[in-house]
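*Asks:* Structure file protein16.csv, CSV, C-alpha atoms, is pasted below:
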chain,number,residue,atom,x,y,z
A,1,ASP,CA,14.2,-25.1,36.1
A,2,LYS,CA,14.1,-28.0,33.6
A,3,LYS,CA,15.0,-27.4,30.0
A,4,VAL,CA,12.5,-28.9,27.6
A,5,LYS,CA,12.2,-29.4,23.9
A,6,VAL,CA,9.0,-29.7,21.8
A,7,ALA,CA,8.9,-32.1,18.9
A,8,VAL,CA,6.3,-32.3,16.1
A,9,HIS,CA,6.2,-35.5,14.1
A,10,ALA,CA,4.0,-36.2,11.1
A,11,THR,CA,2.2,-39.5,11.4
A,12,SER,CA,0.7,-39.4,7.9
A,13,PRO,CA,2.3,-38.5,4.6
A,14,TYR,CA,3.3,-34.9,4.3
A,15,ASN,CA,5.5,-33.2,1.7
A,16,MET,CA,5.5,-29.5,1.1
A,17,GLY,CA,8.7,-29.8,-1.0
A,18,PRO,CA,12.0,-27.9,-0.7
A,19,GLY,CA,12.1,-24.3,0.2
A,20,ASN,CA,9.3,-24.4,2.7
A,21,THR,CA,10.4,-21.9,5.3
A,22,TYR,CA,6.9,-21.6,6.9
A,23,ASN,CA,7.2,-24.7,9.0
A,24,GLY,CA,8.9,-24.5,12.3
A,25,LEU,CA,9.2,-22.1,15.2
A,26,HIS,CA,8.6,-18.4,14.6
A,27,GLY,CA,8.8,-16.4,17.7
A,28,LYS,CA,6.4,-17.9,20.2
A,29,PHE,CA,4.4,-19.8,17.4
A,30,LEU,CA,4.9,-23.2,15.9
A,31,SER,CA,3.6,-23.4,12.3
A,32,ILE,CA,2.7,-25.9,9.6
A,33,LEU,CA,1.8,-25.1,6.0
A,34,MET,CA,-0.9,-27.1,4.2
A,35,ARG,CA,-2.1,-27.4,0.6
A,36,ALA,CA,-5.8,-27.0,0.0
A,37,GLY,CA,-7.8,-30.2,0.1
A,38,GLU,CA,-5.2,-32.1,2.2
A,39,HIS,CA,-4.9,-33.2,5.8
A,40,LEU,CA,-2.0,-34.1,8.2
A,41,ASN,CA,-2.0,-36.3,11.2
A,42,PHE,CA,0.7,-35.3,13.7
A,43,THR,CA,2.0,-35.8,17.2
A,44,ILE,CA,3.3,-33.0,19.4
A,45,GLY,CA,5.3,-33.9,22.5
A,46,VAL,CA,7.4,-32.4,25.2
A,47,TYR,CA,10.8,-34.0,26.1
A,48,ASP,CA,13.5,-33.5,28.8
A,49,VAL,CA,16.5,-31.9,26.9
A,50,ASP,CA,19.1,-33.8,29.0
A,51,THR,CA,17.6,-37.3,28.8
A,52,ASN,CA,15.4,-37.0,25.7
A,53,GLU,CA,12.7,-38.8,27.7
A,54,PRO,CA,9.1,-37.7,27.4
A,55,LEU,CA,8.2,-35.2,30.1
A,56,THR,CA,4.7,-35.6,31.5
A,57,LEU,CA,3.0,-32.3,32.3
A,58,PRO,CA,0.3,-32.0,34.9
A,59,ILE,CA,-1.6,-29.7,32.4
A,60,PHE,CA,-0.7,-29.9,28.7
A,61,SER,CA,-2.3,-27.0,26.9
A,62,ILE,CA,-2.1,-26.1,23.2
A,63,THR,CA,-3.8,-23.2,21.5
A,64,PHE,CA,-4.5,-23.1,17.7
A,65,PHE,CA,-4.8,-19.6,16.3
A,66,ASP,CA,-6.3,-18.0,13.2
A,67,LEU,CA,-8.5,-20.8,12.0
A,68,ASP,CA,-10.0,-19.3,8.9
A,69,MET,CA,-10.4,-19.8,5.1
A,70,SER,CA,-9.5,-18.0,1.9
A,71,GLU,CA,-11.2,-14.8,1.0
A,72,ARG,CA,-13.3,-16.7,-1.6
A,73,ASN,CA,-14.6,-18.9,1.2
A,74,LYS,CA,-12.6,-21.9,0.1
A,75,SER,CA,-9.8,-23.9,1.7
A,76,SER,CA,-11.5,-23.8,5.1
A,77,GLU,CA,-9.2,-24.9,7.9
A,78,TYR,CA,-10.1,-27.5,10.5
A,79,ILE,CA,-8.6,-29.3,13.5
A,80,ILE,CA,-9.6,-32.7,14.8
A,81,ALA,CA,-8.7,-33.5,18.4
A,82,GLN,CA,-9.6,-36.2,20.9
A,83,ASP,CA,-9.1,-37.2,24.6
A,84,PHE,CA,-8.8,-33.7,25.9
A,85,GLU,CA,-10.1,-32.7,29.3
A,86,HIS,CA,-11.7,-29.4,28.1
A,87,TYR,CA,-11.6,-27.0,25.2
A,88,TYR,CA,-11.9,-23.2,25.5
A,89,VAL,CA,-13.2,-20.8,22.8
A,90,TYR,CA,-14.2,-17.2,23.0
A,91,ASN,CA,-17.8,-16.2,23.5
A,92,GLY,CA,-18.9,-15.4,19.9
A,93,THR,CA,-16.5,-17.9,18.4
A,94,GLN,CA,-16.4,-18.1,14.6
A,95,LEU,CA,-15.6,-21.8,14.8
A,96,ASN,CA,-18.1,-24.5,14.0
A,97,ILE,CA,-17.6,-27.2,16.7
A,98,THR,CA,-18.8,-30.7,16.1
A,99,GLU,CA,-18.6,-33.7,18.4
A,100,ASN,CA,-18.1,-36.7,16.1
A,101,HIS,CA,-19.4,-40.3,16.5
A,102,ASP,CA,-15.8,-41.6,16.9
A,103,GLY,CA,-15.2,-39.5,20.0
A,104,THR,CA,-13.2,-36.8,18.2
A,105,THR,CA,-14.1,-33.2,18.1
A,106,THR,CA,-13.8,-31.0,14.9
A,107,PHE,CA,-13.1,-27.3,15.1
A,108,HIS,CA,-13.9,-25.9,11.7
A,109,ALA,CA,-13.3,-22.3,10.4
A,110,THR,CA,-16.3,-20.3,9.2
A,111,LEU,CA,-14.6,-16.9,8.6
A,112,ALA,CA,-12.3,-15.7,5.8
A,113,GLY,CA,-8.9,-14.3,6.7
A,114,THR,CA,-5.4,-13.8,5.4
A,115,GLY,CA,-1.9,-13.9,6.9
A,116,ALA,CA,-2.2,-10.2,7.6
A,117,ASP,CA,-4.7,-10.9,10.4
A,118,ASN,CA,-2.6,-13.5,12.2
A,119,PRO,CA,-1.8,-12.7,15.8
A,120,GLU,CA,1.6,-11.2,16.5
A,121,GLU,CA,1.7,-12.3,20.1
A,122,SER,CA,0.4,-15.3,22.0
A,123,GLU,CA,-0.1,-13.5,25.3
A,124,ALA,CA,-2.1,-10.5,24.0
A,125,LEU,CA,-4.9,-11.1,21.4
A,126,THR,CA,-7.6,-9.0,19.8
A,127,GLU,CA,-11.2,-10.1,20.1
A,128,PHE,CA,-11.1,-11.0,16.4
A,129,SER,CA,-8.0,-13.3,17.1
A,130,LYS,CA,-9.8,-15.0,20.0
A,131,GLU,CA,-12.9,-15.6,17.8
A,132,LYS,CA,-10.8,-17.7,15.5
A,133,GLY,CA,-8.8,-19.7,18.1
A,134,VAL,CA,-9.2,-22.7,20.4
A,135,THR,CA,-7.3,-23.9,23.5
A,136,LEU,CA,-7.3,-27.6,24.2
A,137,GLU,CA,-6.4,-28.8,27.7
A,138,TYR,CA,-5.1,-32.3,28.5
A,139,LEU,CA,-4.2,-33.7,31.9
A,140,LYS,CA,-1.0,-35.7,32.8
A,141,ARG,CA,0.3,-35.9,29.2
A,142,SER,CA,3.7,-35.7,27.5
A,143,SER,CA,2.2,-35.7,24.0
A,144,THR,CA,-1.0,-35.7,22.0
A,145,ASN,CA,-2.2,-36.3,18.5
A,146,PHE,CA,-4.1,-34.0,16.0
A,147,THR,CA,-5.4,-33.9,12.5
A,148,ILE,CA,-5.2,-30.6,10.7
A,149,GLY,CA,-6.5,-30.0,7.2
A,150,THR,CA,-8.2,-27.7,4.7
A,151,GLU,CA,-11.2,-28.1,2.5
A,152,GLU,CA,-10.8,-28.0,-1.3
A,153,GLY,CA,-9.6,-24.7,-2.8
A,154,LYS,CA,-6.6,-23.2,-4.4
A,155,SER,CA,-4.7,-21.4,-1.6
A,156,LEU,CA,-2.0,-22.6,0.8
A,157,ARG,CA,-3.1,-22.4,4.4
A,158,GLY,CA,-0.9,-21.9,7.5
A,159,PHE,CA,-1.6,-23.4,10.9
A,160,ILE,CA,-0.1,-21.6,13.9
A,161,PHE,CA,-0.1,-22.9,17.5
A,162,THR,CA,1.7,-22.7,20.8
A,163,LEU,CA,1.9,-24.8,24.0
A,164,ARG,CA,0.1,-22.4,26.3
A,165,PRO,CA,-3.5,-21.8,27.2
A,166,SER,CA,-3.8,-18.4,25.3
A,167,MET,CA,-7.6,-18.4,25.0
A,168,ILE,CA,-7.8,-18.2,28.8
A,169,CYS,CA,-4.5,-16.5,29.8
A,170,ALA,CA,-3.9,-13.9,27.1
A,171,LYS,CA,-4.9,-10.3,27.6
A,172,THR,CA,-7.6,-9.2,25.3
A,173,GLN,CA,-7.8,-5.9,23.4
A,174,TYR,CA,-11.3,-4.5,24.2
A,175,ASN,CA,-12.3,-1.0,23.0
A,176,GLY,CA,-8.7,-0.1,22.4
A,177,THR,CA,-7.4,-1.2,25.8
A,178,TRP,CA,-5.6,-4.4,26.8
A,179,GLU,CA,-7.7,-6.1,29.5
A,180,ASP,CA,-6.7,-8.7,32.0
A,181,PRO,CA,-8.1,-12.2,31.1
A,182,LEU,CA,-9.7,-12.4,34.6
A,183,ASN,CA,-11.8,-9.3,34.1
A,184,GLU,CA,-15.2,-10.9,34.4
A,185,SER,CA,-17.1,-7.7,33.4
A,186,LEU,CA,-16.0,-8.3,29.7
A,187,PRO,CA,-17.1,-10.9,27.2
A,188,GLY,CA,-14.5,-13.7,27.1
A,189,VAL,CA,-14.0,-17.4,27.6
A,190,LYS,CA,-16.3,-19.3,29.9
A,191,LEU,CA,-14.5,-21.5,32.3
A,192,PRO,CA,-15.9,-24.9,33.3
Could you write out this file's structure as C-alpha coordinates?

*Replies:*
Amino acid sequence: DKKVKVAVHATSPYNMGPGNTYNGLHGKFLSILMRAGEHLNFTIGVYDVDTNEPLTLPIFSITFFDLDMSERNKSSEYIIAQDFEHYYVYNGTQLNITENHDGTTTFHATLAGTGADNPEESEALTEFSKEKGVTLEYLKRSSTNFTIGTEEGKSLRGFIFTLRPSMICAKTQYNGTWEDPLNESLPGVKLP
(Lines of atoms letter the chains of each structure in order from A and count residues from 1; the text may use other names and numbers.)
(Lines give C-alpha, C1' and ligand atoms only; values in the text may rest on other atoms or scores of the structure.)
Protein backbone atom coordinates (compact mmCIF):
# COMPACT_ATOMS: atom_id res chain seq x y z
CA ASP A 1 0.00 0.00 0.00
CA LYS A 2 1.29 3.39 -1.00
CA LYS A 3 0.58 6.47 1.09
CA VAL A 4 -0.65 9.41 -0.95
CA LYS A 5 -1.50 13.03 -0.35
CA VAL A 6 -3.94 15.21 -2.19
CA ALA A 7 -3.06 18.83 -2.89
CA VAL A 8 -5.40 21.59 -4.04
CA HIS A 9 -3.76 24.75 -5.41
CA ALA A 10 -5.48 27.93 -6.58
CA THR A 11 -4.25 29.02 -10.00
CA SER A 12 -6.23 32.27 -9.98
CA PRO A 13 -6.65 34.91 -7.26
CA TYR A 14 -8.57 33.65 -4.23
CA ASN A 15 -9.00 35.27 -0.83
CA MET A 16 -11.74 34.38 1.61
CA GLY A 17 -9.97 36.21 4.43
CA PRO A 18 -8.94 35.02 7.89
CA GLY A 19 -11.18 32.73 9.89
CA ASN A 20 -12.36 30.63 6.95
CA THR A 21 -12.72 27.17 8.48
CA TYR A 22 -14.83 25.79 5.61
CA ASN A 23 -11.91 25.12 3.24
CA GLY A 24 -10.02 21.87 3.66
CA LEU A 25 -10.75 18.25 4.43
CA HIS A 26 -13.91 17.45 6.41
CA GLY A 27 -14.40 13.72 6.83
CA LYS A 28 -14.33 12.26 3.32
CA PHE A 29 -15.04 15.60 1.61
CA LEU A 30 -12.74 18.35 0.40
CA SER A 31 -14.39 21.76 0.44
CA ILE A 32 -13.91 25.27 -0.94
CA LEU A 33 -15.99 28.32 0.00
CA MET A 34 -16.83 30.91 -2.66
CA ARG A 35 -18.37 34.38 -2.64
CA ALA A 36 -21.28 35.00 -4.98
CA GLY A 37 -20.29 36.33 -8.40
CA GLU A 38 -16.73 34.98 -8.23
CA HIS A 39 -14.84 32.06 -9.73
CA LEU A 40 -11.69 30.12 -8.91
CA ASN A 41 -9.33 28.16 -11.12
CA PHE A 42 -7.60 25.37 -9.24
CA THR A 43 -5.54 22.22 -9.70
CA ILE A 44 -6.03 19.06 -7.67
CA GLY A 45 -3.27 16.47 -7.69
CA VAL A 46 -2.18 13.22 -6.07
CA TYR A 47 1.38 12.81 -4.75
CA ASP A 48 3.52 10.06 -3.24
CA VAL A 49 3.93 10.95 0.46
CA ASP A 50 7.49 9.61 0.64
CA THR A 51 8.92 11.24 -2.50
CA ASN A 52 6.49 14.15 -3.02
CA GLU A 53 6.45 13.15 -6.71
CA PRO A 54 3.19 13.22 -8.70
CA LEU A 55 1.47 9.85 -8.65
CA THR A 56 -0.17 8.89 -11.94
CA LEU A 57 -3.40 6.98 -11.40
CA PRO A 58 -4.78 4.62 -14.05
CA ILE A 59 -8.24 6.14 -13.39
CA PHE A 60 -8.46 9.54 -11.71
CA SER A 61 -12.04 10.18 -10.58
CA ILE A 62 -13.50 13.18 -8.81
CA THR A 63 -17.08 13.74 -7.72
CA PHE A 64 -18.57 17.16 -7.05
CA PHE A 65 -21.65 17.08 -4.80
CA ASP A 66 -24.55 19.37 -4.03
CA LEU A 67 -24.33 21.78 -6.96
CA ASP A 68 -27.20 24.13 -6.22
CA MET A 69 -28.12 27.79 -5.69
CA SER A 70 -29.53 29.98 -2.94
CA GLU A 71 -33.19 29.68 -2.02
CA ARG A 72 -33.89 32.91 -3.92
CA ASN A 73 -32.52 31.25 -7.11
CA LYS A 74 -29.36 33.32 -7.07
CA SER A 75 -25.67 32.47 -6.65
CA SER A 76 -26.05 29.41 -8.89
CA GLU A 77 -22.96 27.17 -8.65
CA TYR A 78 -21.07 25.84 -11.64
CA ILE A 79 -18.03 23.74 -12.53
CA ILE A 80 -16.04 23.98 -15.75
CA ALA A 81 -13.99 20.89 -16.64
CA GLN A 82 -12.00 19.68 -19.63
CA ASP A 83 -10.04 16.75 -21.02
CA PHE A 84 -11.99 14.13 -19.06
CA GLU A 85 -12.70 10.70 -20.50
CA HIS A 86 -16.31 10.62 -19.36
CA TYR A 87 -18.73 12.27 -16.96
CA TYR A 88 -21.47 10.56 -14.97
CA VAL A 89 -24.71 12.15 -13.78
CA TYR A 90 -27.85 10.62 -12.33
CA ASN A 91 -30.82 9.99 -14.63
CA GLY A 92 -33.02 13.00 -13.91
CA THR A 93 -30.04 15.21 -13.08
CA GLN A 94 -30.82 18.75 -11.99
CA LEU A 95 -27.64 20.03 -13.65
CA ASN A 96 -27.61 21.95 -16.91
CA ILE A 97 -24.70 20.51 -18.93
CA THR A 98 -23.18 22.57 -21.73
CA GLU A 99 -20.36 21.61 -24.07
CA ASN A 100 -18.52 24.87 -24.78
CA HIS A 101 -16.79 25.95 -28.01
CA ASP A 102 -13.36 25.92 -26.30
CA GLY A 103 -13.59 22.18 -25.51
CA THR A 104 -14.64 22.64 -21.88
CA THR A 105 -17.89 21.42 -20.35
CA THR A 106 -19.93 23.41 -17.83
CA PHE A 107 -22.04 21.71 -15.16
CA HIS A 108 -24.45 24.36 -13.85
CA ALA A 109 -26.88 24.14 -10.93
CA THR A 110 -30.59 24.64 -11.57
CA LEU A 111 -32.04 23.76 -8.15
CA ALA A 112 -32.09 25.68 -4.86
CA GLY A 113 -30.53 24.14 -1.78
CA THR A 114 -28.88 24.86 1.56
CA GLY A 115 -26.05 23.39 3.60
CA ALA A 116 -28.69 21.26 5.37
CA ASP A 117 -29.16 19.10 2.27
CA ASN A 118 -25.45 18.37 1.73
CA PRO A 119 -24.60 14.67 1.70
CA GLU A 120 -23.12 13.29 4.91
CA GLU A 121 -21.42 10.33 3.24
CA SER A 122 -19.68 9.94 -0.12
CA GLU A 123 -20.43 6.22 -0.39
CA ALA A 124 -24.20 6.35 0.24
CA LEU A 125 -26.31 9.08 -1.40
CA THR A 126 -29.98 9.89 -1.63
CA GLU A 127 -31.52 10.28 -5.07
CA PHE A 128 -31.75 14.02 -4.38
CA SER A 129 -27.99 14.14 -3.68
CA LYS A 130 -27.24 12.23 -6.88
CA GLU A 131 -29.43 14.63 -8.88
CA LYS A 132 -27.09 17.48 -7.89
CA GLY A 133 -23.73 15.74 -8.44
CA VAL A 134 -21.31 14.81 -11.18
CA THR A 135 -18.37 12.38 -11.38
CA LEU A 136 -15.57 13.16 -13.83
CA GLU A 137 -13.26 10.38 -14.94
CA TYR A 138 -9.75 10.91 -16.31
CA LEU A 139 -7.30 8.30 -17.53
CA LYS A 140 -3.60 8.09 -16.56
CA ARG A 141 -3.48 11.35 -14.63
CA SER A 142 -1.81 12.69 -11.52
CA SER A 143 -3.71 15.99 -11.54
CA THR A 144 -6.38 17.99 -13.30
CA ASN A 145 -7.68 21.56 -13.48
CA PHE A 146 -11.11 23.01 -12.79
CA THR A 147 -12.94 26.28 -12.60
CA ILE A 148 -15.63 26.58 -9.96
CA GLY A 149 -17.80 29.62 -9.48
CA THR A 150 -21.13 31.15 -8.63
CA GLU A 151 -23.43 33.53 -10.43
CA GLU A 152 -24.26 36.91 -8.91
CA GLY A 153 -26.13 36.90 -5.61
CA LYS A 154 -25.60 37.59 -1.93
CA SER A 155 -24.83 34.23 -0.37
CA LEU A 156 -21.60 32.35 0.17
CA ARG A 157 -21.58 29.00 -1.59
CA GLY A 158 -19.67 25.89 -0.63
CA PHE A 159 -18.25 23.35 -3.06
CA ILE A 160 -17.69 19.82 -1.77
CA PHE A 161 -15.91 17.05 -3.63
CA THR A 162 -14.00 13.81 -3.19
CA LEU A 163 -11.56 11.72 -5.22
CA ARG A 164 -13.83 8.75 -5.81
CA PRO A 165 -16.46 7.89 -8.46
CA SER A 166 -19.41 8.33 -6.09
CA MET A 167 -22.04 8.81 -8.80
CA ILE A 168 -21.42 5.26 -10.02
CA CYS A 169 -20.12 3.53 -6.87
CA ALA A 170 -22.20 4.94 -4.01
CA LYS A 171 -25.25 3.13 -2.75
CA THR A 172 -28.50 4.98 -3.43
CA GLN A 173 -31.38 5.40 -1.03
CA TYR A 174 -34.44 4.34 -3.02
CA ASN A 175 -37.88 4.11 -1.37
CA GLY A 176 -36.23 4.11 2.06
CA THR A 177 -33.79 1.28 1.31
CA TRP A 178 -30.07 1.55 0.51
CA GLU A 179 -29.61 -0.13 -2.87
CA ASP A 180 -26.45 -1.46 -4.48
CA PRO A 181 -25.18 0.80 -7.30
CA LEU A 182 -25.17 -2.15 -9.72
CA ASN A 183 -28.90 -2.85 -9.26
CA GLU A 184 -30.01 -2.31 -12.87
CA SER A 185 -33.73 -2.46 -12.01
CA LEU A 186 -33.53 1.01 -10.45
CA PRO A 187 -33.05 4.41 -12.05
CA GLY A 188 -29.45 5.48 -11.75
CA VAL A 189 -26.39 6.45 -13.71
CA LYS A 190 -26.01 5.24 -17.28
CA LEU A 191 -22.61 3.76 -17.99
CA PRO A 192 -20.94 4.25 -21.36

*Asks:* When you count all atoms listed in the file, which of these residues is closest to Ile148 of chain A: A:Asn175, A:Thr105, A:Gln94, A:Thr110?

*Replies:*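 Of A:Asn175, A:Thr105, A:Gln94, A:Thr110, the one nearest Ile148 of chain A is A:Thr105, counting all atoms listed in the file.
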
*Asks:* Applying 7 Å and only C-alpha atoms, which residues near Leu95 of chain A remain after dropping the ones on its own chain fewer than 6 positions away? List them as a ChimeraX atom specification.

*Replies:* /A:107-110,132

*Asks:* Using all atoms listed in the file, find the one residue out of A:Pro54, A:Gly27, A:Gly92, A:Pro18 that sits nearest to Ser142 of chain A.

*Replies:*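 The answer is A:Pro54, which sits nearest to Ser142 of chain A.
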
*Asks:* Please produce, as CSV, a per-residue contact table for segment 64-100 of chain A versus segment 181-189 of chain A (criterion: any atom at most 9 Å away, all atoms listed in the file considered), showing the nearest atom pair and its distance in Å to one decimal, sorted by chain then residue number.

*Replies:*
residue,atom,partner,partner_atom,distance
A:Tyr88,CA,A:Val189,CA,6.5
A:Val89,CA,A:Val189,CA,5.9
A:Tyr90,CA,A:Val189,CA,4.6
A:Asn91,CA,A:Gly188,CA,5.5
A:Gly92,CA,A:Gly188,CA,8.6

*Asks:* Between atom CA of Lys2 of chain A and atom CA of Phe60 of chain A, what is the distance in Å, rounded to a tenth?

*Replies:*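 Between atom CA of Lys2 of chain A and atom CA of Phe60 of chain A the gap is 15.7 Å.
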
*Asks:* So, counting all atoms listed in the file, which residue among A:Val8, A:Met167, A:Ala112, A:Ile62 is closest to Gly24 of chain A?

*Replies:*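 So, comparing all the options, the nearest one is A:Val8.
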
*Asks:* Env of Glu99 of chain A: 12 Å cut, atoms = all atoms listed in the file, seq-sep filter 2 positions within chain, self excluded. Answer as a ChimeraX atom specification.

*Replies:* /A:79-83,87,96-97,101-108

*Asks:* Excluding Phe42 of chain A and any residue of its chain fewer than 4 positions from it, enumerate the residues within 6 Å of it, using all atoms listed in the file, and give them as a ChimeraX atom specification.

*Replies:* /A:9-11,145-146

*Asks:* Please compute the atom CA of Pro119 of chain A-atom CA of Tyr14 of chain A distance, one decimal, in Å.

*Replies:*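 Spanning atom CA of Pro119 of chain A to atom CA of Tyr14 of chain A is a straight-line distance of 25.5 Å.
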
*Asks:* Could you check the closest approach to Phe161 of chain A for each of A:Ser129, A:Thr114, A:Ser75, A:Ser122 and tell me which residue wins, using only C-alpha atoms?

*Replies:*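 Checking each candidate against Phe161 of chain A, we get A:Ser122 as the closest.
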
*Asks:* Rounded to one decimal, what separation in Å do you get between atom CA of Ser61 of chain A and atom CA of Met34 of chain A?

*Replies:*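 Atom-to-atom, atom CA of Ser61 of chain A to atom CA of Met34 of chain A, that is 22.7 Å.
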
*Asks:* Is there a way to get, as a list in words, all residues within 9 Å of the point (2.2, -26.1, 15.2) in file coordinates, counting all atoms listed in the file?

*Replies:* Val8, Asn23, Gly24, Leu25, Phe29, Leu30, Ser31, Ile32, Ile44, Phe64, Phe159, Ile160, Phe161, Thr162 and Leu163 of chain A

*Asks:* Name the closest residue to His39 of chain A among the candidates A:Pro165, A:Gly176, A:Gly153, A:Pro13; distances are taken between atoms, counting all atoms listed in the file.

*Replies:* A:Pro13

*Asks:* Give me the residues near Thr51 of chain A as a list in words, where near means some atom within 12 Å (using only C-alpha atoms) and where sequence neighbours in that chain fewer than 2 positions away do not count.

*Replies:*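 Once the nearby chain positions are removed, what remains is Lys2, Lys3, Val4, Lys5, Val46, Tyr47, Asp48, Val49, Glu53, Pro54 and Leu55 of chain A.
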
*Asks:* May I have the residues within 8 Å of Leu139 of chain A as a VMD selection string, using all atoms listed in the file and disregarding those fewer than 6 positions away in the same chain?

*Replies:* chain A and resid 57 to 60 84 to 85

*Asks:* A:His26, A:Asn100, A:Glu123, A:Lys74: which is nearest Asp180 of chain A, counting only C-alpha atoms?

*Replies:*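 Residue with the minimum atom-to-atom distance to Asp180 of chain A: A:Glu123.
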
*Asks:* Extending 4 Å beyond the listed atoms of segment 28-40 of chain A on each side, what axis-aligned box results? I want centre and edge lengths in Å to one decimal, as JSON.

*Replies:*
{"center_x": -0.7, "center_y": -26.0, "center_z": 10.1, "size_x": 22.2, "size_y": 24.2, "size_z": 28.2}
